[in-house]
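Asks: Just dropping this structure here.
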Amino acid sequence: MRHKTIRGGLMPSGRLRMEKLAKLITSGRLDLSYLVTHRFNGFDHIKESLYLMKDKPCDLINPVVVIDKKHYNLSHCHIIYLI
């Protein structure tokens, strides 16, 4: 794993912190792709990804479930990181 330094400061709320973090990720300034080892699409695969976390195979770092807005009639795309 690469050596990374993450610096932060005090923020008034957790929501603001998460919004700023999301902007860093969506703008490409913060690349988390190397942390995603398993990718699933749709609500139907949430159970599968949770079992994967329970079993903890040696190549698992972090599974991600992507929820497509068009398929589920949502206003925007959701990505669920399972930690």
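Note on naming: chains are A, B, ... as they come in the structure tokens, residues start from 1 per chain, ligands start from 1 in the order shown.
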Hey, what's within 12 Å of Leu60 in chain A if we count only C-alpha atoms and toss same-chain stuff fewer than 2 positions away? As a PyMOL selection string, please?
Replies: chain A and resi 34-39+49-58+62-64+82-83
Asks: Counting only C-alpha atoms, what is within 9 Å of Asn41 in chain A, bar same-chain residues fewer than 6 positions away, as a VMD selection string?
Replies: chain A and resid 64 to 68
Asks: Keeping only N, CA and C atoms, write the selected residues as an mmCIF file, in the first residue's frame.
Replies:
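Okay, again-v5.cif is ready:
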```
data_model
loop_
_atom_site.group_PDB
_atom_site.id
_atom_site.type_symbol
_atom_site.label_atom_id
_atom_site.label_comp_id
_atom_site.auth_asym_id
_atom_site.auth_seq_id
_atom_site.Cartn_x
_atom_site.Cartn_y
_atom_site.Cartn_z
ATOM 1 N N VAL A 64 -17.353 -2.327 -3.116
ATOM 2 C CA VAL A 64 -18.194 -1.153 -3.385
ATOM 3 C C VAL A 64 -19.439 -1.619 -4.123
ATOM 4 N N VAL A 65 -20.592 -1.077 -3.724
ATOM 5 C CA VAL A 65 -21.849 -1.357 -4.421
ATOM 6 C C VAL A 65 -22.303 -0.059 -5.080
ATOM 7 N N VAL A 66 -22.474 -0.091 -6.403
ATOM 8 C CA VAL A 66 -22.913 1.085 -7.153
ATOM 9 C C VAL A 66 -24.394 0.915 -7.452
ATOM 10 N N ILE A 67 -25.179 1.932 -7.099
ATOM 11 C CA ILE A 67 -26.612 1.915 -7.348
ATOM 12 C C ILE A 67 -26.888 2.873 -8.506
ATOM 13 N N ASP A 68 -27.327 2.331 -9.638
ATOM 14 C CA ASP A 68 -27.560 3.122 -10.851
ATOM 15 C C ASP A 68 -28.884 3.881 -10.751
#
```
Asks: Please, what distance in Å, to one decimal, runs between CA of Glu19 in chain A and CA of Phe40 in chain A?
Replies: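 We find that CA of Glu19 in chain A and CA of Phe40 in chain A lie 23.7 Å from each other.
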Asks: Expressed in Å to a single decimal, how great is the separation between CA of Gly42 in chain A and CA of Asp59 in chain A?
Replies: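 Taking CA of Gly42 in chain A as the start and CA of Asp59 in chain A as the end point, the length is 22.0 Å.
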